[in-house]
Amino acid sequence: MSCCNAAGSAARDAAAGGEAAADAPRPAGKDEMLAASRPLAGGAVETHFAVPAIHCGGCIRAVEGAVGALPMVQGARVNLSTKRLAVTWRPDAADPDAIFAALDRIGYKAHPIDAAGADGDRTLKRLILQLGVAGFAAGNIMLLSVSVWSGAEGSTRDLFHWISALIAIPAVAFAGQAFFRPAFAALRRGRMNMDVPISLALVLAVAVSLYETAQSGPHAYFDASVTLLFFLLIGRTLDHVMRERARSAAATLQRMVPRGATVIAADGARVWRALEAIRPGDRLFVAAGERIPVDARVLDGEGDVDCAIATGESDPIAVGPGGELPAGALNLSGALTLEAVKPASQSFLAEMMAMLEAAESAKPRFRRYADRAASFYSPIVHLVAFATFLGWGLAAGDWYRALYIAISVLIITCPCALALAVPVVQVVAAGRLFRHGILLKDGAALETLARVDRVLFDKTGTLTVGRPRLLDAVVQDPDLLALAGALARNSRHPYSTALTEAAEALEAQAAPPTLNAIREVPGSGVEARLADGTAGGALLRLGRPAWALDDAGEDRAGVALSRDGQLLALYRFEDAPRAGAAGTLAWLEAQGFEPEIVSGDHRDRVAEAARTLGAGRWRGGLQPADKIARIQALQGAGHRVLMVGDGLNDAPALSAADASVAPATAADVGRRAAGFVFLHEGLDAVVRALDIARRARSLILQNFALAALYNMIAIPIAVSGYVTPLVAALAMSGSSIVVISNALRLNLGAGRVTRALDRQGRRAAPAPAAPAAPAAQPRLEGAA
């Protein structure tokens, strides 16, 4: 039995790691770059780079603009939280070194992220070192300042000022690099970012103090300058730590990726091989306690495997020869010999990591608004600070005080809170969804889901577990069942799977027939030509009776097997409801979403499922085009529609809906079309996704309000001269921390939705009578 059939279709390199130093080595050439990339449709590939110097919205625009302008590049997007750049490019168009050259021209160093795995969080280590230097310098200078404040005059005061200068200047030069380097790189390329006003304020504060010391002035502000830097670094460090906490889901997945595995060579020798060097067909040895490195099939050995990463179930699953295991699963007992079925870059674990990365770095409408606002903000800040300097200088005649106030304006107006308003919520939401077994493939889908007001469900494999059992198989002709099984093997539909298993379970099965021209028709079934010696061969069909049979007048329920349009056998199935389906439908109904079943199954079976689950709206016998028509009818009435489906025939509807959800067991095309993929068995993932999406939207709006309120209060006070640079640093750092803390509130209230689901499930327990079927075939009509 397969532990998980939800292998990823294409994903980025699973060996992605954390940040590394900016001067990490580049790939030696195109081959190594391609090895670190994942393939896309049309011959393009996607490569991820760590760009440690990215700090703000200005950096994002510069990097995306420079790389996106290359002819070979089809798309470039930056994830501010992880400081990573994802580039979609065509390897046949140019040499990948052009990407590095473009980044070099605007002052950024980059390297493929899989080169960074062993270095840990070097950014945090560097920030802590700089914070320690600034704190040490601030403490010592403050001791000297106490003597000056106590009444030291003349040469004694000048001596203390010079000693303070000797401590402050190297301390600011070293500890201020967190701001100076990105600011200098931006200015050298003729652009602005958020570090420019901060760096200017620090340099001006030290320069004014040094001038006062050289002139034997009574006041020098080295203590304020270094303390200002100390608090700025506290804010930058907390910002970095909280961003890493927000993206803890990605870090959890990263810890599940082994660096390599033991490969059994052709001569039986066991050699350790790096993860990226493992190829499909390699034989792997996985001992107890080790994780499965890539998607693999068990060749030898038996044991218990923890597949919670794929199924969400805490109970181990017993596996043996023939079992399929996803990358990241944990072997709990017994040594296993496996055969790799996919490379690491296309494994199930890599697909989940790619989804999280895409979700964190996508740009929904709110984030585009924030980026656009931040792009105009920095020039305005400098104009306001310059106007403040001129205004105070001309009005009061005290140019020293005017400069001091302008420094405060530069610091307090840094738009960090505005730049963080959206991405930090997006990262926290993606992590929260992941902890509930839901993968968000696109950040824009989260925003769309929050505005949904109608929900449509497919039945088989969505509201039900998708593992139907064939009824009355004993009375069926074994030869016909074998023929049906031969056709069913060419489809992943749950009914096909049940027929295949029933056919394989026959004790004495005839040799399988030879079939030609096999073709699956989405929403209808499978057809083939029987190689029986006649011209062309007889046409066999297995699927919807109305499609398989020439006599479509009789409304039959089940899966029909036909030969040249004539009925050979009719198979019926039963399928258990998915866990939490009744409670989910009841909750959605209570919240006003008006859930509706839209299924291609026979209307009798859809009506029975609706009765069992307590659904008051259902439509049966729908083709894929009918589902799309139903979605478009709701959209035309002003509704935003969520489609939940799993099959090949659901892919068009998943694409047509405003938002879409599919289980991990869905067909590959269905998972690719869906905006969300849930890994657990229960259908309550739909409710949780809706709840998290709505709360995330609310928090984004709150963050915008907080950022706007901060600037409305802070700027007038700073311009009025009531704020010192030190207080400005505290206020600026505090605004960023408030925005991030507000986003982290999304992790609270975990039990509220669960309790609501339990209550709705209990209310829905007495199944109502079956709703009346529509008089005519329900295509575009209202609810039945």
# chains A, B, ... in the order shown; residues from 1 in each chain; ligands from 1

$ residues_around --residues "Gln635 (chain A)" --least-positions-apart "2" --cutoff "12 Å" --atoms "only C-alpha atoms" --output "count of residues only"
20

$ select_by_dssp --residues "region 78-205 of chain A" --states "strand (DSSP E)" --output "list in words"
Val78, Asn79, Arg84, Leu85, Ala86, Val87, Thr88, Trp89, His111 and Pro112 of chain A

$ write_last_selection --atoms "N, CA and C atoms" --output "compact mmCIF listing (two decimals), in the first residue's frame"
# COMPACT_ATOMS: atom_id res chain seq x y z
N VAL A 78 11.47 38.50 -5.42
CA VAL A 78 12.28 38.51 -4.20
C VAL A 78 11.39 38.20 -3.01
N ASN A 79 11.89 37.37 -2.12
CA ASN A 79 11.24 37.11 -0.84
C ASN A 79 12.01 37.90 0.21
N ARG A 84 15.77 35.97 -0.43
CA ARG A 84 16.05 35.06 -1.54
C ARG A 84 15.44 35.58 -2.82
N LEU A 85 16.08 35.27 -3.91
CA LEU A 85 15.63 35.67 -5.24
C LEU A 85 15.33 34.42 -6.06
N ALA A 86 14.12 34.33 -6.60
CA ALA A 86 13.74 33.23 -7.48
C ALA A 86 13.71 33.76 -8.91
N VAL A 87 14.48 33.13 -9.79
CA VAL A 87 14.63 33.58 -11.17
C VAL A 87 14.16 32.47 -12.11
N THR A 88 13.24 32.81 -12.99
CA THR A 88 12.81 31.89 -14.05
C THR A 88 13.50 32.32 -15.33
N TRP A 89 14.31 31.43 -15.92
CA TRP A 89 15.12 31.81 -17.07
C TRP A 89 15.25 30.63 -18.03
N HIS A 111 24.31 33.98 -4.44
CA HIS A 111 24.78 32.62 -4.68
C HIS A 111 23.59 31.68 -4.59
N PRO A 112 23.64 30.55 -5.27
CA PRO A 112 22.54 29.58 -5.16
C PRO A 112 22.35 29.15 -3.72

$ residues_around --residues "region 687-694 of chain A" --least-positions-apart "3" --cutoff "8 Å" --atoms "only C-alpha atoms" --output "PyMOL selection string"
chain A and resi 429+432-433+436+438+446-447+449-451+584+587-588+683-684+697-698+746+753

$ residues_around --residues "Ala98 (chain A)" --least-positions-apart "2" --cutoff "10 Å" --atoms "only C-alpha atoms" --output "PyMOL selection string"
chain A and resi 67+70-73+94-96+100-104

$ closest_residue --among "A:Ala175, A:Glu596, A:Ala607, A:Leu487" --to "Gly135 (chain A)" --atoms "only C-alpha atoms"
A:Ala175

$ residues_around --residues "Ala560 (chain A)" --least-positions-apart "2" --cutoff "9 Å" --atoms "only C-alpha atoms" --output "ChimeraX atom specification"
/A:541-549,556-558,562,567-571

$ write_last_selection --atoms "N, CA, C and O atoms" --output "PDB file, in the first residue's frame"
ATOM      1  N   ARG A 541     -15.274   0.753 -23.940  1.00  0.00           N
ATOM      2  CA  ARG A 541     -15.377   1.954 -23.119  1.00  0.00           C
ATOM      3  C   ARG A 541     -15.721   1.560 -21.688  1.00  0.00           C
ATOM      4  O   ARG A 541     -16.504   0.645 -21.457  1.00  0.00           O
ATOM      5  N   LEU A 542     -15.103   2.294 -20.753  1.00  0.00           N
ATOM      6  CA  LEU A 542     -15.369   2.093 -19.331  1.00  0.00           C
ATOM      7  C   LEU A 542     -15.565   3.464 -18.706  1.00  0.00           C
ATOM      8  O   LEU A 542     -14.651   4.291 -18.714  1.00  0.00           O
ATOM      9  N   GLY A 543     -16.770   3.727 -18.197  1.00  0.00           N
ATOM     10  CA  GLY A 543     -17.001   5.035 -17.604  1.00  0.00           C
ATOM     11  C   GLY A 543     -18.463   5.370 -17.458  1.00  0.00           C
ATOM     12  O   GLY A 543     -19.307   4.490 -17.217  1.00  0.00           O
ATOM     13  N   ARG A 544     -18.796   6.627 -17.617  1.00  0.00           N
ATOM     14  CA  ARG A 544     -20.157   7.114 -17.452  1.00  0.00           C
ATOM     15  C   ARG A 544     -21.087   6.384 -18.434  1.00  0.00           C
ATOM     16  O   ARG A 544     -20.824   6.350 -19.643  1.00  0.00           O
ATOM     17  N   PRO A 545     -22.198   5.800 -17.952  1.00  0.00           N
ATOM     18  CA  PRO A 545     -23.078   5.060 -18.863  1.00  0.00           C
ATOM     19  C   PRO A 545     -23.575   5.886 -20.036  1.00  0.00           C
ATOM     20  O   PRO A 545     -23.662   5.382 -21.162  1.00  0.00           O
ATOM     21  N   ALA A 546     -23.901   7.145 -19.804  1.00  0.00           N
ATOM     22  CA  ALA A 546     -24.397   7.980 -20.901  1.00  0.00           C
ATOM     23  C   ALA A 546     -23.360   8.161 -21.997  1.00  0.00           C
ATOM     24  O   ALA A 546     -23.705   8.417 -23.158  1.00  0.00           O
ATOM     25  N   TRP A 547     -22.094   8.019 -21.652  1.00  0.00           N
ATOM     26  CA  TRP A 547     -21.007   8.149 -22.638  1.00  0.00           C
ATOM     27  C   TRP A 547     -20.637   6.799 -23.232  1.00  0.00           C
ATOM     28  O   TRP A 547     -20.353   6.690 -24.435  1.00  0.00           O
ATOM     29  N   ALA A 548     -20.657   5.761 -22.431  1.00  0.00           N
ATOM     30  CA  ALA A 548     -20.169   4.454 -22.879  1.00  0.00           C
ATOM     31  C   ALA A 548     -21.187   3.705 -23.733  1.00  0.00           C
ATOM     32  O   ALA A 548     -20.819   2.855 -24.547  1.00  0.00           O
ATOM     33  N   LEU A 549     -22.481   3.991 -23.565  1.00  0.00           N
ATOM     34  CA  LEU A 549     -23.531   3.199 -24.210  1.00  0.00           C
ATOM     35  C   LEU A 549     -24.211   3.993 -25.325  1.00  0.00           C
ATOM     36  O   LEU A 549     -24.426   5.201 -25.208  1.00  0.00           O
ATOM     37  N   ARG A 556     -28.802   5.127 -16.028  1.00  0.00           N
ATOM     38  CA  ARG A 556     -28.193   4.090 -15.194  1.00  0.00           C
ATOM     39  C   ARG A 556     -27.194   4.722 -14.232  1.00  0.00           C
ATOM     40  O   ARG A 556     -26.508   5.681 -14.561  1.00  0.00           O
ATOM     41  N   ALA A 557     -27.093   4.149 -13.045  1.00  0.00           N
ATOM     42  CA  ALA A 557     -26.127   4.590 -12.044  1.00  0.00           C
ATOM     43  C   ALA A 557     -25.009   3.559 -11.972  1.00  0.00           C
ATOM     44  O   ALA A 557     -25.266   2.364 -11.869  1.00  0.00           O
ATOM     45  N   GLY A 558     -23.762   4.001 -12.022  1.00  0.00           N
ATOM     46  CA  GLY A 558     -22.629   3.102 -11.930  1.00  0.00           C
ATOM     47  C   GLY A 558     -21.620   3.384 -13.032  1.00  0.00           C
ATOM     48  O   GLY A 558     -21.684   4.396 -13.731  1.00  0.00           O
ATOM     49  N   SER A 562     -18.557  -1.275 -21.884  1.00  0.00           N
ATOM     50  CA  SER A 562     -19.294  -1.511 -23.135  1.00  0.00           C
ATOM     51  C   SER A 562     -18.340  -1.928 -24.241  1.00  0.00           C
ATOM     52  O   SER A 562     -17.142  -1.658 -24.197  1.00  0.00           O
ATOM     53  N   LEU A 567     -23.824  -2.689 -23.682  1.00  0.00           N
ATOM     54  CA  LEU A 567     -23.472  -2.931 -22.294  1.00  0.00           C
ATOM     55  C   LEU A 567     -22.931  -4.343 -22.084  1.00  0.00           C
ATOM     56  O   LEU A 567     -23.555  -5.318 -22.482  1.00  0.00           O
ATOM     57  N   LEU A 568     -21.771  -4.443 -21.453  1.00  0.00           N
ATOM     58  CA  LEU A 568     -21.220  -5.729 -21.037  1.00  0.00           C
ATOM     59  C   LEU A 568     -21.396  -5.943 -19.536  1.00  0.00           C
ATOM     60  O   LEU A 568     -21.706  -7.055 -19.091  1.00  0.00           O
ATOM     61  N   ALA A 569     -21.150  -4.902 -18.736  1.00  0.00           N
ATOM     62  CA  ALA A 569     -21.277  -5.024 -17.285  1.00  0.00           C
ATOM     63  C   ALA A 569     -21.485  -3.631 -16.709  1.00  0.00           C
ATOM     64  O   ALA A 569     -21.058  -2.627 -17.291  1.00  0.00           O
ATOM     65  N   LEU A 570     -22.144  -3.596 -15.559  1.00  0.00           N
ATOM     66  CA  LEU A 570     -22.374  -2.335 -14.864  1.00  0.00           C
ATOM     67  C   LEU A 570     -21.889  -2.506 -13.428  1.00  0.00           C
ATOM     68  O   LEU A 570     -22.341  -3.399 -12.714  1.00  0.00           O
ATOM     69  N   TYR A 571     -20.957  -1.670 -13.016  1.00  0.00           N
ATOM     70  CA  TYR A 571     -20.318  -1.799 -11.703  1.00  0.00           C
ATOM     71  C   TYR A 571     -20.781  -0.657 -10.793  1.00  0.00           C
ATOM     72  O   TYR A 571     -20.841   0.498 -11.208  1.00  0.00           O
TER      73      TYR A 571
END

$ residues_around --residues "Leu456 (chain A)" --least-positions-apart "4" --cutoff "10 Å" --atoms "only C-alpha atoms" --output "PyMOL selection string"
chain A and resi 593-599+617-618+627+630-631+641-645+653+657+660

$ write_last_selection --atoms "N, CA and C atoms" --output "PDB file, in the first residue's frame"
ATOM      1  N   PHE A 593     -21.888  30.663   3.507  1.00  0.00           N
ATOM      2  CA  PHE A 593     -21.169  30.355   2.274  1.00  0.00           C
ATOM      3  C   PHE A 593     -22.017  29.558   1.275  1.00  0.00           C
ATOM      4  N   GLU A 594     -23.153  29.039   1.716  1.00  0.00           N
ATOM      5  CA  GLU A 594     -24.055  28.267   0.869  1.00  0.00           C
ATOM      6  C   GLU A 594     -23.314  27.178   0.086  1.00  0.00           C
ATOM      7  N   PRO A 595     -22.714  26.200   0.780  1.00  0.00           N
ATOM      8  CA  PRO A 595     -21.951  25.146   0.098  1.00  0.00           C
ATOM      9  C   PRO A 595     -22.827  24.327  -0.832  1.00  0.00           C
ATOM     10  N   GLU A 596     -22.238  23.864  -1.922  1.00  0.00           N
ATOM     11  CA  GLU A 596     -22.986  23.139  -2.949  1.00  0.00           C
ATOM     12  C   GLU A 596     -22.107  22.021  -3.510  1.00  0.00           C
ATOM     13  N   ILE A 597     -22.716  20.855  -3.725  1.00  0.00           N
ATOM     14  CA  ILE A 597     -22.002  19.731  -4.331  1.00  0.00           C
ATOM     15  C   ILE A 597     -22.208  19.784  -5.842  1.00  0.00           C
ATOM     16  N   VAL A 598     -21.124  19.784  -6.612  1.00  0.00           N
ATOM     17  CA  VAL A 598     -21.190  19.718  -8.079  1.00  0.00           C
ATOM     18  C   VAL A 598     -20.353  18.513  -8.501  1.00  0.00           C
ATOM     19  N   SER A 599     -21.016  17.455  -8.934  1.00  0.00           N
ATOM     20  CA  SER A 599     -20.334  16.188  -9.163  1.00  0.00           C
ATOM     21  C   SER A 599     -20.683  15.629 -10.535  1.00  0.00           C
ATOM     22  N   ARG A 617     -27.768  21.608  -1.112  1.00  0.00           N
ATOM     23  CA  ARG A 617     -27.620  22.000  -2.511  1.00  0.00           C
ATOM     24  C   ARG A 617     -26.696  21.008  -3.190  1.00  0.00           C
ATOM     25  N   TRP A 618     -27.135  20.454  -4.293  1.00  0.00           N
ATOM     26  CA  TRP A 618     -26.288  19.495  -5.000  1.00  0.00           C
ATOM     27  C   TRP A 618     -26.675  19.438  -6.464  1.00  0.00           C
ATOM     28  N   LYS A 627     -19.494  22.263 -14.754  1.00  0.00           N
ATOM     29  CA  LYS A 627     -18.960  22.834 -13.508  1.00  0.00           C
ATOM     30  C   LYS A 627     -18.450  24.249 -13.748  1.00  0.00           C
ATOM     31  N   ARG A 630     -21.370  26.551 -14.019  1.00  0.00           N
ATOM     32  CA  ARG A 630     -21.951  26.861 -12.711  1.00  0.00           C
ATOM     33  C   ARG A 630     -21.113  27.917 -11.992  1.00  0.00           C
ATOM     34  N   ILE A 631     -19.794  27.774 -12.051  1.00  0.00           N
ATOM     35  CA  ILE A 631     -18.907  28.766 -11.428  1.00  0.00           C
ATOM     36  C   ILE A 631     -19.102  30.135 -12.066  1.00  0.00           C
ATOM     37  N   VAL A 641     -16.032  32.611  -5.852  1.00  0.00           N
ATOM     38  CA  VAL A 641     -16.272  31.177  -5.688  1.00  0.00           C
ATOM     39  C   VAL A 641     -14.990  30.448  -5.308  1.00  0.00           C
ATOM     40  N   LEU A 642     -15.109  29.565  -4.320  1.00  0.00           N
ATOM     41  CA  LEU A 642     -14.057  28.613  -3.969  1.00  0.00           C
ATOM     42  C   LEU A 642     -14.471  27.250  -4.478  1.00  0.00           C
ATOM     43  N   MET A 643     -13.607  26.607  -5.267  1.00  0.00           N
ATOM     44  CA  MET A 643     -13.849  25.251  -5.765  1.00  0.00           C
ATOM     45  C   MET A 643     -12.927  24.285  -5.047  1.00  0.00           C
ATOM     46  N   VAL A 644     -13.501  23.201  -4.526  1.00  0.00           N
ATOM     47  CA  VAL A 644     -12.730  22.154  -3.855  1.00  0.00           C
ATOM     48  C   VAL A 644     -12.910  20.883  -4.653  1.00  0.00           C
ATOM     49  N   GLY A 645     -11.851  20.384  -5.276  1.00  0.00           N
ATOM     50  CA  GLY A 645     -11.936  19.191  -6.109  1.00  0.00           C
ATOM     51  C   GLY A 645     -10.610  18.487  -6.193  1.00  0.00           C
ATOM     52  N   ALA A 653     -12.325  23.419 -13.612  1.00  0.00           N
ATOM     53  CA  ALA A 653     -13.122  24.154 -12.638  1.00  0.00           C
ATOM     54  C   ALA A 653     -12.233  24.795 -11.578  1.00  0.00           C
ATOM     55  N   ALA A 657     -12.328  28.929 -10.964  1.00  0.00           N
ATOM     56  CA  ALA A 657     -12.811  29.518  -9.717  1.00  0.00           C
ATOM     57  C   ALA A 657     -11.885  30.631  -9.248  1.00  0.00           C
ATOM     58  N   SER A 660      -9.140  28.002  -5.120  1.00  0.00           N
ATOM     59  CA  SER A 660      -9.304  26.560  -5.304  1.00  0.00           C
ATOM     60  C   SER A 660      -8.462  25.799  -4.291  1.00  0.00           C
TER      61      SER A 660
END

$ closest_residue --among "A:Gly334, A:Leu634, A:Pro321, A:Val257" --to "Val286 (chain A)" --atoms "only C-alpha atoms"
A:Gly334

$ atom_distance --atom1 "CA of Ala538 (chain A)" --atom2 "CA of Pro522 (chain A)"
21.3 Å

$ residues_around --residues "Gly260 (chain A)" --least-positions-apart "3" --cutoff "10 Å" --atoms "only C-alpha atoms" --output "ChimeraX atom specification"
/A:15,257,263,272-278,292-294,344

$ atom_distance --atom1 "CA of Thr462 (chain A)" --atom2 "CA of Ala685 (chain A)"
11.5 Å

$ select_by_dssp --residues "region 613-750 of chain A" --states "helix (DSSP H, G or I)" --output "MDAnalysis selection string"
chainID A and resid 613 624:636 648:656 668:673 685:719 725:747 750

$ closest_residue --among "A:Leu439, A:Ala138, A:Ala205, A:Val559" --to "Pro494 (chain A)" --atoms "only C-alpha atoms"
A:Val559

$ atom_distance --atom1 "CA of Val727 (chain A)" --atom2 "CA of Val409 (chain A)"
10.8 Å

$ decode --residues "region 627-637 of chain A" --atoms "all heavy atoms" --output "PDB file, in the first residue's frame"
ATOM      1  N   LYS A 627     -19.494  22.263 -14.754  1.00  0.00           N
ATOM      2  CA  LYS A 627     -18.960  22.834 -13.508  1.00  0.00           C
ATOM      3  C   LYS A 627     -18.450  24.249 -13.748  1.00  0.00           C
ATOM      4  O   LYS A 627     -18.680  25.148 -12.923  1.00  0.00           O
ATOM      5  CB  LYS A 627     -17.844  21.945 -12.959  1.00  0.00           C
ATOM      6  CG  LYS A 627     -18.311  20.548 -12.543  1.00  0.00           C
ATOM      7  CD  LYS A 627     -17.173  19.738 -11.955  1.00  0.00           C
ATOM      8  CE  LYS A 627     -17.639  18.339 -11.554  1.00  0.00           C
ATOM      9  NZ  LYS A 627     -16.549  17.528 -10.960  1.00  0.00           N
ATOM     10  N   ILE A 628     -17.764  24.435 -14.864  1.00  0.00           N
ATOM     11  CA  ILE A 628     -17.282  25.779 -15.192  1.00  0.00           C
ATOM     12  C   ILE A 628     -18.462  26.729 -15.389  1.00  0.00           C
ATOM     13  O   ILE A 628     -18.442  27.875 -14.931  1.00  0.00           O
ATOM     14  CB  ILE A 628     -16.398  25.735 -16.449  1.00  0.00           C
ATOM     15  CG1 ILE A 628     -15.116  24.940 -16.168  1.00  0.00           C
ATOM     16  CG2 ILE A 628     -16.041  27.142 -16.924  1.00  0.00           C
ATOM     17  CD1 ILE A 628     -14.234  24.765 -17.381  1.00  0.00           C
ATOM     18  N   ALA A 629     -19.496  26.250 -16.065  1.00  0.00           N
ATOM     19  CA  ALA A 629     -20.675  27.086 -16.292  1.00  0.00           C
ATOM     20  C   ALA A 629     -21.324  27.477 -14.968  1.00  0.00           C
ATOM     21  O   ALA A 629     -21.788  28.618 -14.801  1.00  0.00           O
ATOM     22  CB  ALA A 629     -21.671  26.356 -17.182  1.00  0.00           C
ATOM     23  N   ARG A 630     -21.370  26.551 -14.019  1.00  0.00           N
ATOM     24  CA  ARG A 630     -21.951  26.861 -12.711  1.00  0.00           C
ATOM     25  C   ARG A 630     -21.113  27.917 -11.992  1.00  0.00           C
ATOM     26  O   ARG A 630     -21.659  28.848 -11.380  1.00  0.00           O
ATOM     27  CB  ARG A 630     -22.056  25.592 -11.877  1.00  0.00           C
ATOM     28  CG  ARG A 630     -22.619  25.799 -10.475  1.00  0.00           C
ATOM     29  CD  ARG A 630     -23.991  26.413 -10.511  1.00  0.00           C
ATOM     30  NE  ARG A 630     -24.526  26.659  -9.182  1.00  0.00           N
ATOM     31  CZ  ARG A 630     -25.422  27.580  -8.897  1.00  0.00           C
ATOM     32  NH1 ARG A 630     -25.897  28.372  -9.858  1.00  0.00           N
ATOM     33  NH2 ARG A 630     -25.859  27.731  -7.657  1.00  0.00           N
ATOM     34  N   ILE A 631     -19.794  27.774 -12.051  1.00  0.00           N
ATOM     35  CA  ILE A 631     -18.907  28.766 -11.428  1.00  0.00           C
ATOM     36  C   ILE A 631     -19.102  30.135 -12.066  1.00  0.00           C
ATOM     37  O   ILE A 631     -19.217  31.164 -11.379  1.00  0.00           O
ATOM     38  CB  ILE A 631     -17.444  28.305 -11.544  1.00  0.00           C
ATOM     39  CG1 ILE A 631     -17.202  27.084 -10.653  1.00  0.00           C
ATOM     40  CG2 ILE A 631     -16.479  29.436 -11.156  1.00  0.00           C
ATOM     41  CD1 ILE A 631     -15.852  26.434 -10.851  1.00  0.00           C
ATOM     42  N   GLN A 632     -19.156  30.157 -13.393  1.00  0.00           N
ATOM     43  CA  GLN A 632     -19.324  31.426 -14.095  1.00  0.00           C
ATOM     44  C   GLN A 632     -20.681  32.056 -13.804  1.00  0.00           C
ATOM     45  O   GLN A 632     -20.806  33.286 -13.741  1.00  0.00           O
ATOM     46  CB  GLN A 632     -19.138  31.211 -15.596  1.00  0.00           C
ATOM     47  CG  GLN A 632     -17.702  30.865 -15.982  1.00  0.00           C
ATOM     48  CD  GLN A 632     -17.564  30.507 -17.446  1.00  0.00           C
ATOM     49  OE1 GLN A 632     -18.544  30.194 -18.129  1.00  0.00           O
ATOM     50  NE2 GLN A 632     -16.327  30.537 -17.941  1.00  0.00           N
ATOM     51  N   ALA A 633     -21.713  31.223 -13.607  1.00  0.00           N
ATOM     52  CA  ALA A 633     -23.020  31.761 -13.268  1.00  0.00           C
ATOM     53  C   ALA A 633     -22.987  32.452 -11.905  1.00  0.00           C
ATOM     54  O   ALA A 633     -23.552  33.540 -11.733  1.00  0.00           O
ATOM     55  CB  ALA A 633     -24.063  30.640 -13.263  1.00  0.00           C
ATOM     56  N   LEU A 634     -22.300  31.840 -10.939  1.00  0.00           N
ATOM     57  CA  LEU A 634     -22.176  32.468  -9.625  1.00  0.00           C
ATOM     58  C   LEU A 634     -21.337  33.737  -9.701  1.00  0.00           C
ATOM     59  O   LEU A 634     -21.654  34.751  -9.066  1.00  0.00           O
ATOM     60  CB  LEU A 634     -21.561  31.474  -8.636  1.00  0.00           C
ATOM     61  CG  LEU A 634     -22.449  30.297  -8.213  1.00  0.00           C
ATOM     62  CD1 LEU A 634     -21.642  29.285  -7.410  1.00  0.00           C
ATOM     63  CD2 LEU A 634     -23.637  30.784  -7.397  1.00  0.00           C
ATOM     64  N   GLN A 635     -20.252  33.686 -10.472  1.00  0.00           N
ATOM     65  CA  GLN A 635     -19.412  34.877 -10.624  1.00  0.00           C
ATOM     66  C   GLN A 635     -20.186  36.000 -11.312  1.00  0.00           C
ATOM     67  O   GLN A 635     -20.026  37.177 -10.963  1.00  0.00           O
ATOM     68  CB  GLN A 635     -18.149  34.527 -11.409  1.00  0.00           C
ATOM     69  CG  GLN A 635     -17.199  33.616 -10.641  1.00  0.00           C
ATOM     70  CD  GLN A 635     -16.065  33.094 -11.500  1.00  0.00           C
ATOM     71  OE1 GLN A 635     -16.198  32.980 -12.730  1.00  0.00           O
ATOM     72  NE2 GLN A 635     -14.958  32.758 -10.876  1.00  0.00           N
ATOM     73  N   GLY A 636     -21.012  35.631 -12.298  1.00  0.00           N
ATOM     74  CA  GLY A 636     -21.825  36.641 -12.973  1.00  0.00           C
ATOM     75  C   GLY A 636     -22.833  37.293 -12.056  1.00  0.00           C
ATOM     76  O   GLY A 636     -23.254  38.442 -12.293  1.00  0.00           O
ATOM     77  N   ALA A 637     -23.222  36.594 -10.978  1.00  0.00           N
ATOM     78  CA  ALA A 637     -24.158  37.151 -10.001  1.00  0.00           C
ATOM     79  C   ALA A 637     -23.442  37.958  -8.915  1.00  0.00           C
ATOM     80  O   ALA A 637     -24.068  38.369  -7.943  1.00  0.00           O
ATOM     81  CB  ALA A 637     -24.964  36.026  -9.358  1.00  0.00           C
TER      82      ALA A 637
END
